[in-house]
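Next comes work-v6.txt, with compact mmCIF, N, CA and C atoms.
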# COMPACT_ATOMS: atom_id res chain seq x y z
N MET V 1 20.60 20.15 26.36
CA MET V 1 19.86 19.18 25.56
C MET V 1 19.29 19.85 24.33
N SER V 2 19.43 19.21 23.23
CA SER V 2 18.83 19.77 22.02
C SER V 2 17.55 19.00 21.72
N ALA V 3 16.59 19.72 21.27
CA ALA V 3 15.30 19.10 20.93
C ALA V 3 15.37 18.52 19.53
N VAL V 4 14.88 17.33 19.41
CA VAL V 4 14.85 16.68 18.11
C VAL V 4 13.47 16.94 17.52
N PRO V 5 13.44 17.52 16.33
CA PRO V 5 12.11 17.77 15.74
C PRO V 5 11.42 16.45 15.44
N ARG V 6 10.14 16.40 15.73
CA ARG V 6 9.35 15.20 15.51
C ARG V 6 8.40 15.43 14.35
N SER V 7 8.28 14.43 13.55
CA SER V 7 7.28 14.51 12.49
C SER V 7 5.95 14.07 13.09
N GLY V 8 4.88 14.22 12.35
CA GLY V 8 3.56 13.82 12.83
C GLY V 8 3.43 12.31 12.92
N ASN V 9 4.37 11.58 12.36
CA ASN V 9 4.30 10.12 12.33
C ASN V 9 5.19 9.56 13.43
N ASP V 10 4.63 9.03 14.51
CA ASP V 10 5.39 8.49 15.64
C ASP V 10 5.43 6.97 15.62
N GLU V 11 5.44 6.37 14.42
CA GLU V 11 5.50 4.92 14.34
C GLU V 11 6.92 4.44 14.58
N LYS V 12 7.05 3.11 14.82
CA LYS V 12 8.36 2.51 15.01
C LYS V 12 9.18 2.65 13.73
N PRO V 13 10.52 2.75 13.86
CA PRO V 13 11.32 2.80 12.66
C PRO V 13 11.16 1.50 11.87
N ALA V 14 11.21 1.62 10.56
CA ALA V 14 10.95 0.46 9.70
C ALA V 14 12.25 -0.12 9.16
N GLY V 15 13.30 -0.11 9.97
CA GLY V 15 14.58 -0.65 9.54
C GLY V 15 14.56 -2.16 9.44
N ARG V 16 15.56 -2.68 8.79
CA ARG V 16 15.67 -4.13 8.58
C ARG V 16 15.75 -4.87 9.91
N PHE V 17 16.52 -4.35 10.86
CA PHE V 17 16.66 -4.98 12.17
C PHE V 17 15.33 -5.01 12.92
N ARG V 18 14.59 -3.90 12.87
CA ARG V 18 13.30 -3.80 13.56
C ARG V 18 12.31 -4.80 12.97
N ARG V 19 12.28 -4.93 11.63
CA ARG V 19 11.37 -5.88 10.99
C ARG V 19 11.72 -7.31 11.39
N MET V 20 13.03 -7.60 11.47
CA MET V 20 13.46 -8.94 11.86
C MET V 20 13.02 -9.24 13.30
N LEU V 21 13.20 -8.28 14.20
CA LEU V 21 12.76 -8.48 15.59
C LEU V 21 11.25 -8.68 15.68
N ASP V 22 10.50 -7.90 14.91
CA ASP V 22 9.04 -8.04 14.90
C ASP V 22 8.63 -9.43 14.42
N ARG V 23 9.29 -9.93 13.38
CA ARG V 23 8.96 -11.26 12.86
C ARG V 23 9.28 -12.35 13.88
N LEU V 24 10.41 -12.20 14.58
CA LEU V 24 10.81 -13.20 15.57
C LEU V 24 9.89 -13.22 16.78
N SER V 25 9.32 -12.06 17.11
CA SER V 25 8.48 -11.98 18.31
C SER V 25 6.99 -12.15 18.00
N SER V 26 6.63 -12.36 16.75
CA SER V 26 5.23 -12.51 16.37
C SER V 26 4.86 -13.98 16.25
N SER V 27 3.59 -14.26 16.53
CA SER V 27 3.10 -15.64 16.38
C SER V 27 2.86 -15.93 14.90
N PRO V 28 2.79 -17.21 14.53
CA PRO V 28 2.52 -17.55 13.12
C PRO V 28 1.19 -16.96 12.62
N GLN V 29 0.18 -16.88 13.49
CA GLN V 29 -1.10 -16.31 13.10
C GLN V 29 -0.96 -14.82 12.79
N GLU V 30 -0.18 -14.10 13.61
CA GLU V 30 0.04 -12.67 13.37
C GLU V 30 0.79 -12.45 12.06
N LEU V 31 1.77 -13.29 11.78
CA LEU V 31 2.52 -13.18 10.53
C LEU V 31 1.63 -13.44 9.32
N GLU V 32 0.77 -14.48 9.43
CA GLU V 32 -0.14 -14.79 8.33
C GLU V 32 -1.13 -13.65 8.11
N SER V 33 -1.66 -13.09 9.21
CA SER V 33 -2.60 -11.97 9.10
C SER V 33 -1.95 -10.77 8.42
N ALA V 34 -0.72 -10.46 8.81
CA ALA V 34 -0.01 -9.33 8.21
C ALA V 34 0.22 -9.56 6.72
N GLU V 35 0.57 -10.80 6.36
CA GLU V 35 0.80 -11.13 4.95
C GLU V 35 -0.50 -11.01 4.14
N LEU V 36 -1.61 -11.48 4.71
CA LEU V 36 -2.90 -11.40 4.02
C LEU V 36 -3.34 -9.94 3.86
N LYS V 37 -3.10 -9.10 4.87
CA LYS V 37 -3.45 -7.68 4.77
C LYS V 37 -2.66 -7.01 3.66
N GLU V 38 -1.36 -7.32 3.57
CA GLU V 38 -0.52 -6.75 2.51
C GLU V 38 -1.01 -7.19 1.14
N ASP V 39 -1.40 -8.47 1.02
CA ASP V 39 -1.90 -9.00 -0.25
C ASP V 39 -3.19 -8.29 -0.66
N ALA V 40 -4.09 -8.07 0.29
CA ALA V 40 -5.35 -7.37 0.00
C ALA V 40 -5.09 -5.95 -0.46
N GLN V 41 -4.16 -5.28 0.19
CA GLN V 41 -3.83 -3.90 -0.17
C GLN V 41 -3.19 -3.85 -1.55
N ALA V 42 -2.27 -4.79 -1.83
CA ALA V 42 -1.58 -4.80 -3.12
C ALA V 42 -2.53 -5.11 -4.28
N SER V 43 -3.58 -5.89 -4.03
CA SER V 43 -4.50 -6.26 -5.11
C SER V 43 -5.62 -5.23 -5.28
N GLY V 44 -5.63 -4.18 -4.46
CA GLY V 44 -6.64 -3.13 -4.60
C GLY V 44 -8.01 -3.51 -4.07
N CYS V 45 -8.06 -4.51 -3.20
CA CYS V 45 -9.33 -4.96 -2.63
C CYS V 45 -9.64 -4.23 -1.33
N THR V 46 -10.91 -4.22 -0.96
CA THR V 46 -11.36 -3.61 0.29
C THR V 46 -11.06 -4.56 1.45
N PRO V 47 -10.46 -4.07 2.54
CA PRO V 47 -10.30 -4.94 3.72
C PRO V 47 -11.67 -5.35 4.24
N ILE V 48 -11.82 -6.59 4.62
CA ILE V 48 -13.12 -7.09 5.08
C ILE V 48 -13.63 -6.30 6.29
N CYS V 49 -12.72 -5.87 7.17
CA CYS V 49 -13.15 -5.12 8.35
C CYS V 49 -13.80 -3.78 7.98
N ASP V 50 -13.54 -3.27 6.77
CA ASP V 50 -14.11 -2.00 6.32
C ASP V 50 -15.40 -2.17 5.52
N CYS V 51 -15.84 -3.40 5.30
CA CYS V 51 -17.04 -3.68 4.51
C CYS V 51 -18.29 -3.46 5.34
N GLY V 52 -19.21 -2.66 4.81
CA GLY V 52 -20.45 -2.39 5.52
C GLY V 52 -21.63 -3.09 4.86
N ASP V 53 -22.74 -3.14 5.58
CA ASP V 53 -23.96 -3.78 5.10
C ASP V 53 -24.44 -3.11 3.81
N ARG V 54 -24.82 -3.93 2.83
CA ARG V 54 -25.37 -3.51 1.54
C ARG V 54 -24.34 -2.82 0.63
N GLN V 55 -23.08 -2.92 0.95
CA GLN V 55 -22.02 -2.30 0.17
C GLN V 55 -21.53 -3.29 -0.90
N ILE V 56 -21.29 -2.80 -2.12
CA ILE V 56 -20.72 -3.63 -3.17
C ILE V 56 -19.21 -3.57 -3.01
N VAL V 57 -18.59 -4.76 -2.88
CA VAL V 57 -17.16 -4.82 -2.56
C VAL V 57 -16.42 -5.84 -3.43
N LYS V 58 -15.11 -5.69 -3.40
CA LYS V 58 -14.19 -6.69 -3.98
C LYS V 58 -13.21 -7.00 -2.86
N VAL V 59 -13.19 -8.26 -2.41
CA VAL V 59 -12.35 -8.67 -1.29
C VAL V 59 -11.47 -9.84 -1.71
N THR V 60 -10.39 -10.04 -0.99
CA THR V 60 -9.51 -11.18 -1.25
C THR V 60 -9.07 -11.76 0.08
N GLY V 61 -8.70 -13.03 0.07
CA GLY V 61 -8.22 -13.67 1.28
C GLY V 61 -8.06 -15.17 1.06
N THR V 62 -7.93 -15.87 2.17
CA THR V 62 -7.76 -17.32 2.16
C THR V 62 -9.01 -17.98 2.72
N LEU V 63 -9.45 -19.04 2.06
CA LEU V 63 -10.60 -19.80 2.57
C LEU V 63 -10.15 -20.63 3.76
N ARG V 64 -10.78 -20.41 4.90
CA ARG V 64 -10.43 -21.16 6.11
C ARG V 64 -11.22 -22.45 6.22
N THR V 65 -12.52 -22.37 6.00
CA THR V 65 -13.38 -23.55 6.10
C THR V 65 -14.33 -23.58 4.91
N VAL V 66 -14.73 -24.78 4.52
CA VAL V 66 -15.73 -24.96 3.46
C VAL V 66 -16.68 -26.05 3.96
N THR V 67 -17.97 -25.72 4.01
CA THR V 67 -18.97 -26.68 4.50
C THR V 67 -20.21 -26.68 3.62
N LEU V 68 -20.92 -27.79 3.64
CA LEU V 68 -22.20 -27.89 2.96
C LEU V 68 -23.27 -27.74 4.03
N ARG V 69 -24.04 -26.67 3.95
CA ARG V 69 -25.05 -26.39 4.96
C ARG V 69 -26.34 -25.95 4.26
N PRO V 70 -27.38 -26.78 4.28
CA PRO V 70 -28.63 -26.41 3.62
C PRO V 70 -29.25 -25.15 4.24
N ARG V 71 -29.84 -24.33 3.39
CA ARG V 71 -30.56 -23.13 3.83
C ARG V 71 -31.97 -23.22 3.27
N ALA V 72 -32.95 -23.28 4.13
CA ALA V 72 -34.36 -23.38 3.75
C ALA V 72 -34.61 -24.54 2.78
N GLY V 73 -33.96 -25.68 3.05
CA GLY V 73 -34.17 -26.86 2.23
C GLY V 73 -33.38 -26.88 0.93
N VAL V 74 -32.60 -25.85 0.66
CA VAL V 74 -31.80 -25.76 -0.57
C VAL V 74 -30.34 -25.98 -0.20
N PRO V 75 -29.60 -26.79 -0.97
CA PRO V 75 -28.19 -26.96 -0.65
C PRO V 75 -27.45 -25.63 -0.77
N ALA V 76 -26.48 -25.44 0.11
CA ALA V 76 -25.69 -24.21 0.08
C ALA V 76 -24.26 -24.54 0.48
N LEU V 77 -23.32 -24.15 -0.35
CA LEU V 77 -21.91 -24.32 -0.06
C LEU V 77 -21.44 -23.04 0.63
N GLU V 78 -20.92 -23.17 1.85
CA GLU V 78 -20.46 -22.01 2.63
C GLU V 78 -18.97 -22.10 2.85
N ALA V 79 -18.29 -20.96 2.74
CA ALA V 79 -16.86 -20.89 3.00
C ALA V 79 -16.58 -19.63 3.80
N GLU V 80 -15.59 -19.72 4.67
CA GLU V 80 -15.17 -18.56 5.45
C GLU V 80 -13.91 -17.99 4.80
N LEU V 81 -13.98 -16.72 4.37
CA LEU V 81 -12.86 -16.03 3.74
C LEU V 81 -12.23 -15.10 4.76
N PHE V 82 -10.92 -15.21 4.94
CA PHE V 82 -10.20 -14.39 5.93
C PHE V 82 -9.10 -13.62 5.23
N ASP V 83 -9.04 -12.30 5.49
CA ASP V 83 -8.03 -11.46 4.84
C ASP V 83 -7.02 -10.85 5.81
N GLY V 84 -7.00 -11.32 7.05
CA GLY V 84 -6.07 -10.77 8.03
C GLY V 84 -6.70 -9.71 8.91
N SER V 85 -7.78 -9.09 8.43
CA SER V 85 -8.43 -8.05 9.23
C SER V 85 -9.74 -8.56 9.84
N ALA V 86 -10.45 -9.41 9.11
CA ALA V 86 -11.73 -9.95 9.58
C ALA V 86 -12.12 -11.12 8.69
N ALA V 87 -13.20 -11.79 9.06
CA ALA V 87 -13.69 -12.93 8.28
C ALA V 87 -15.03 -12.57 7.65
N LEU V 88 -15.34 -13.29 6.59
CA LEU V 88 -16.56 -13.06 5.82
C LEU V 88 -17.06 -14.42 5.36
N ASP V 89 -18.37 -14.66 5.42
CA ASP V 89 -18.94 -15.91 4.92
C ASP V 89 -19.30 -15.73 3.46
N VAL V 90 -18.84 -16.64 2.62
CA VAL V 90 -19.17 -16.65 1.19
C VAL V 90 -20.10 -17.84 0.98
N VAL V 91 -21.28 -17.59 0.41
CA VAL V 91 -22.30 -18.63 0.27
C VAL V 91 -22.75 -18.74 -1.18
N TRP V 92 -22.69 -19.97 -1.70
CA TRP V 92 -23.21 -20.27 -3.03
C TRP V 92 -24.48 -21.09 -2.83
N LEU V 93 -25.63 -20.50 -3.13
CA LEU V 93 -26.91 -21.19 -2.97
C LEU V 93 -27.13 -22.17 -4.12
N GLY V 94 -27.67 -23.34 -3.79
CA GLY V 94 -27.97 -24.34 -4.81
C GLY V 94 -26.76 -25.14 -5.25
N ARG V 95 -25.64 -25.01 -4.58
CA ARG V 95 -24.43 -25.74 -4.95
C ARG V 95 -24.02 -26.68 -3.83
N ARG V 96 -23.62 -27.88 -4.19
CA ARG V 96 -23.11 -28.85 -3.21
C ARG V 96 -21.59 -28.81 -3.17
N SER V 97 -20.98 -28.47 -4.28
CA SER V 97 -19.52 -28.34 -4.33
C SER V 97 -19.15 -27.50 -5.55
N ILE V 98 -17.95 -26.93 -5.50
CA ILE V 98 -17.39 -26.17 -6.61
C ILE V 98 -15.92 -26.57 -6.69
N VAL V 99 -15.48 -26.98 -7.86
CA VAL V 99 -14.10 -27.39 -8.04
C VAL V 99 -13.18 -26.22 -7.67
N GLY V 100 -12.19 -26.50 -6.82
CA GLY V 100 -11.22 -25.48 -6.43
C GLY V 100 -11.57 -24.75 -5.14
N ILE V 101 -12.82 -24.81 -4.73
CA ILE V 101 -13.22 -24.17 -3.47
C ILE V 101 -12.89 -25.14 -2.35
N GLU V 102 -11.77 -24.89 -1.68
CA GLU V 102 -11.29 -25.79 -0.63
C GLU V 102 -10.49 -24.98 0.38
N PRO V 103 -10.41 -25.45 1.63
CA PRO V 103 -9.66 -24.72 2.66
C PRO V 103 -8.21 -24.51 2.23
N GLY V 104 -7.71 -23.31 2.52
CA GLY V 104 -6.34 -22.96 2.20
C GLY V 104 -6.17 -22.28 0.86
N ARG V 105 -7.21 -22.27 0.04
CA ARG V 105 -7.14 -21.67 -1.29
C ARG V 105 -7.37 -20.17 -1.19
N LYS V 106 -6.60 -19.39 -1.95
CA LYS V 106 -6.78 -17.94 -1.99
C LYS V 106 -7.73 -17.58 -3.12
N MET V 107 -8.56 -16.57 -2.89
CA MET V 107 -9.51 -16.15 -3.91
C MET V 107 -9.84 -14.68 -3.79
N ILE V 108 -10.37 -14.13 -4.85
CA ILE V 108 -10.91 -12.78 -4.89
C ILE V 108 -12.40 -12.94 -5.13
N ALA V 109 -13.23 -12.25 -4.37
CA ALA V 109 -14.69 -12.35 -4.52
C ALA V 109 -15.29 -10.95 -4.58
N SER V 110 -16.32 -10.81 -5.42
CA SER V 110 -17.01 -9.52 -5.58
C SER V 110 -18.50 -9.73 -5.44
N GLY V 111 -19.16 -8.75 -4.85
CA GLY V 111 -20.61 -8.80 -4.71
C GLY V 111 -21.09 -7.82 -3.66
N ARG V 112 -22.35 -7.98 -3.26
CA ARG V 112 -22.96 -7.09 -2.26
C ARG V 112 -22.95 -7.79 -0.90
N ILE V 113 -22.38 -7.12 0.09
CA ILE V 113 -22.32 -7.63 1.46
C ILE V 113 -23.70 -7.53 2.11
N SER V 114 -24.05 -8.54 2.87
CA SER V 114 -25.24 -8.46 3.72
C SER V 114 -24.83 -8.93 5.11
N MET V 115 -25.61 -8.58 6.09
CA MET V 115 -25.34 -8.99 7.46
C MET V 115 -26.36 -10.05 7.85
N SER V 116 -25.86 -11.15 8.41
CA SER V 116 -26.73 -12.23 8.87
C SER V 116 -26.23 -12.71 10.22
N GLN V 117 -27.04 -12.53 11.24
CA GLN V 117 -26.69 -12.92 12.60
C GLN V 117 -25.36 -12.30 13.04
N GLY V 118 -25.16 -11.04 12.69
CA GLY V 118 -23.96 -10.31 13.10
C GLY V 118 -22.70 -10.61 12.31
N ARG V 119 -22.81 -11.40 11.24
CA ARG V 119 -21.64 -11.74 10.41
C ARG V 119 -21.84 -11.19 9.00
N ARG V 120 -20.73 -10.82 8.38
CA ARG V 120 -20.77 -10.38 6.99
C ARG V 120 -20.93 -11.60 6.09
N VAL V 121 -21.84 -11.50 5.10
CA VAL V 121 -22.09 -12.61 4.19
C VAL V 121 -22.11 -12.08 2.75
N LEU V 122 -21.52 -12.85 1.86
CA LEU V 122 -21.51 -12.53 0.44
C LEU V 122 -22.18 -13.70 -0.28
N PHE V 123 -23.41 -13.49 -0.80
CA PHE V 123 -24.16 -14.55 -1.46
C PHE V 123 -23.86 -14.58 -2.95
N ASN V 124 -23.63 -15.79 -3.48
CA ASN V 124 -23.41 -16.03 -4.91
C ASN V 124 -22.49 -14.99 -5.55
N PRO V 125 -21.26 -14.86 -5.02
CA PRO V 125 -20.37 -13.82 -5.54
C PRO V 125 -19.75 -14.18 -6.89
N THR V 126 -19.28 -13.17 -7.56
CA THR V 126 -18.39 -13.37 -8.69
C THR V 126 -17.05 -13.64 -8.04
N TYR V 127 -16.34 -14.66 -8.47
CA TYR V 127 -15.09 -14.98 -7.78
C TYR V 127 -14.00 -15.40 -8.77
N GLU V 128 -12.77 -15.29 -8.29
CA GLU V 128 -11.61 -15.69 -9.07
C GLU V 128 -10.67 -16.43 -8.12
N LEU V 129 -10.35 -17.66 -8.45
CA LEU V 129 -9.41 -18.44 -7.64
C LEU V 129 -8.00 -18.02 -8.01
N ARG V 130 -7.16 -17.82 -7.01
CA ARG V 130 -5.76 -17.44 -7.25
C ARG V 130 -4.98 -18.69 -7.64
N PRO V 131 -4.04 -18.57 -8.58
CA PRO V 131 -3.25 -19.73 -9.00
C PRO V 131 -2.52 -20.34 -7.81
N LEU V 132 -2.42 -21.67 -7.79
CA LEU V 132 -1.80 -22.38 -6.68
C LEU V 132 -0.34 -22.01 -6.50
N GLY V 133 0.38 -21.70 -7.55
CA GLY V 133 1.79 -21.35 -7.46
C GLY V 133 2.04 -20.02 -6.79
N GLN V 134 1.03 -19.16 -6.65
CA GLN V 134 1.19 -17.83 -6.06
C GLN V 134 0.78 -17.78 -4.61
N GLU V 135 0.55 -18.90 -3.98
CA GLU V 135 0.08 -18.89 -2.59
C GLU V 135 1.22 -18.95 -1.62
What's the structure tokens form of this structure?
Amino acid sequence: MSAVPRSGNDEKPAGRFRRMLDRLSSSPQELESAELKEDAQASGCTPICDCGDRQIVKVTGTLRTVTLRPRAGVPALEAELFDGSAALDVVWLGRRSIVGIEPGRKMIASGRISMSQGRRVLFNPTYELRPLGQE
């Protein structure tokens, strides 16, 4: 028997056949998560799972839910942003609605992360909606 030298990387081969098998055996949610992770990496954004409390970040993902939920008597528009690795709550204080902020829309958001009840929250972020044709 001859020994085959191994590199330090013991990942699965990334051949075309292997990728096709992986796609066929993955659920739609897993495929969407993988696509969102690739999009975040390609756009140079921080994965949400790597965002820490009080950190200034730039994140991207898809809005899953958008709700109007008052906070301390002030209207607040809340949306859940998902990038395939984790979810983050984006909150605009004093807003009842924002044109274009709707479930299924992709966006890039920047600001300082805070933690509220164990969830990552981004208050009043700078944001950019991704064009509808690129989704």
Atom N of Thr62 of chain V and atom CA of Phe17 of chain V are how many Å apart?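 So the two atoms, atom N of Thr62 of chain V and atom CA of Phe17 of chain V, lie 28.7 Å apart.
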Might you pull out every residue within 7 Å of segment 110-124 of chain V, with only N, CA and C atoms counted and same-chain residues fewer than 3 positions away left off, and present them as an MDAnalysis selection string? chainID V and resid 51:59 87:93 127:128
Please, which residues of segment 79-115 of chain V, numbered as in this document, come out strand (DSSP E or B) from DSSP, as JSON, numbers by chain? {"V": [79, 80, 81, 82, 87, 88, 89, 90, 91, 92, 93, 106, 107, 108, 109, 110, 111, 112, 113, 114, 115]}
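The residues that lie within 12 Å of the point (-2.0, -19.8, -6.3), counting only C-alpha atoms, are Gly61, Thr62, Gly100, Gly104, Arg105, Lys106, Met107, Ile108, Glu128, Leu129, Arg130, Pro131, Leu132, Gly133, Gln134 and Glu135 of chain V.
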Keeping only N, CA and C atoms, write the selected residues to a file as a PDB file, keeping the file's coordinate frame.
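Writing done, so here's part.pdb:
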ATOM      1  N   GLY V  61      -8.700 -13.030   0.070  1.00  0.00           N
ATOM      2  CA  GLY V  61      -8.220 -13.670   1.280  1.00  0.00           C
ATOM      3  C   GLY V  61      -8.060 -15.170   1.060  1.00  0.00           C
ATOM      4  N   THR V  62      -7.930 -15.870   2.170  1.00  0.00           N
ATOM      5  CA  THR V  62      -7.760 -17.320   2.160  1.00  0.00           C
ATOM      6  C   THR V  62      -9.010 -17.980   2.720  1.00  0.00           C
ATOM      7  N   GLY V 100     -12.190 -26.500  -6.820  1.00  0.00           N
ATOM      8  CA  GLY V 100     -11.220 -25.480  -6.430  1.00  0.00           C
ATOM      9  C   GLY V 100     -11.570 -24.750  -5.140  1.00  0.00           C
ATOM     10  N   GLY V 104      -7.710 -23.310   2.520  1.00  0.00           N
ATOM     11  CA  GLY V 104      -6.340 -22.960   2.200  1.00  0.00           C
ATOM     12  C   GLY V 104      -6.170 -22.280   0.860  1.00  0.00           C
ATOM     13  N   ARG V 105      -7.210 -22.270   0.040  1.00  0.00           N
ATOM     14  CA  ARG V 105      -7.140 -21.670  -1.290  1.00  0.00           C
ATOM     15  C   ARG V 105      -7.370 -20.170  -1.190  1.00  0.00           C
ATOM     16  N   LYS V 106      -6.600 -19.390  -1.950  1.00  0.00           N
ATOM     17  CA  LYS V 106      -6.780 -17.940  -1.990  1.00  0.00           C
ATOM     18  C   LYS V 106      -7.730 -17.580  -3.120  1.00  0.00           C
ATOM     19  N   MET V 107      -8.560 -16.570  -2.890  1.00  0.00           N
ATOM     20  CA  MET V 107      -9.510 -16.150  -3.910  1.00  0.00           C
ATOM     21  C   MET V 107      -9.840 -14.680  -3.790  1.00  0.00           C
ATOM     22  N   ILE V 108     -10.370 -14.130  -4.850  1.00  0.00           N
ATOM     23  CA  ILE V 108     -10.910 -12.780  -4.890  1.00  0.00           C
ATOM     24  C   ILE V 108     -12.400 -12.940  -5.130  1.00  0.00           C
ATOM     25  N   GLU V 128     -12.770 -15.290  -8.290  1.00  0.00           N
ATOM     26  CA  GLU V 128     -11.610 -15.690  -9.070  1.00  0.00           C
ATOM     27  C   GLU V 128     -10.670 -16.430  -8.120  1.00  0.00           C
ATOM     28  N   LEU V 129     -10.350 -17.660  -8.450  1.00  0.00           N
ATOM     29  CA  LEU V 129      -9.410 -18.440  -7.640  1.00  0.00           C
ATOM     30  C   LEU V 129      -8.000 -18.020  -8.010  1.00  0.00           C
ATOM     31  N   ARG V 130      -7.160 -17.820  -7.010  1.00  0.00           N
ATOM     32  CA  ARG V 130      -5.760 -17.440  -7.250  1.00  0.00           C
ATOM     33  C   ARG V 130      -4.980 -18.690  -7.640  1.00  0.00           C
ATOM     34  N   PRO V 131      -4.040 -18.570  -8.580  1.00  0.00           N
ATOM     35  CA  PRO V 131      -3.250 -19.730  -9.000  1.00  0.00           C
ATOM     36  C   PRO V 131      -2.520 -20.340  -7.810  1.00  0.00           C
ATOM     37  N   LEU V 132      -2.420 -21.670  -7.790  1.00  0.00           N
ATOM     38  CA  LEU V 132      -1.800 -22.380  -6.680  1.00  0.00           C
ATOM     39  C   LEU V 132      -0.340 -22.010  -6.500  1.00  0.00           C
ATOM     40  N   GLY V 133       0.380 -21.700  -7.550  1.00  0.00           N
ATOM     41  CA  GLY V 133       1.790 -21.350  -7.460  1.00  0.00           C
ATOM     42  C   GLY V 133       2.040 -20.020  -6.790  1.00  0.00           C
ATOM     43  N   GLN V 134       1.030 -19.160  -6.650  1.00  0.00           N
ATOM     44  CA  GLN V 134       1.190 -17.830  -6.060  1.00  0.00           C
ATOM     45  C   GLN V 134       0.780 -17.780  -4.610  1.00  0.00           C
ATOM     46  N   GLU V 135       0.550 -18.900  -3.980  1.00  0.00           N
ATOM     47  CA  GLU V 135       0.080 -18.890  -2.590  1.00  0.00           C
ATOM     48  C   GLU V 135       1.220 -18.950  -1.620  1.00  0.00           C
TER      49      GLU V 135
END
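Considering the residues V:Leu63, V:Leu68, V:Cys45, V:Ala40 and counting all atoms listed in the file, Leu81 of chain V has its shortest atom-to-atom contact with V:Leu63.
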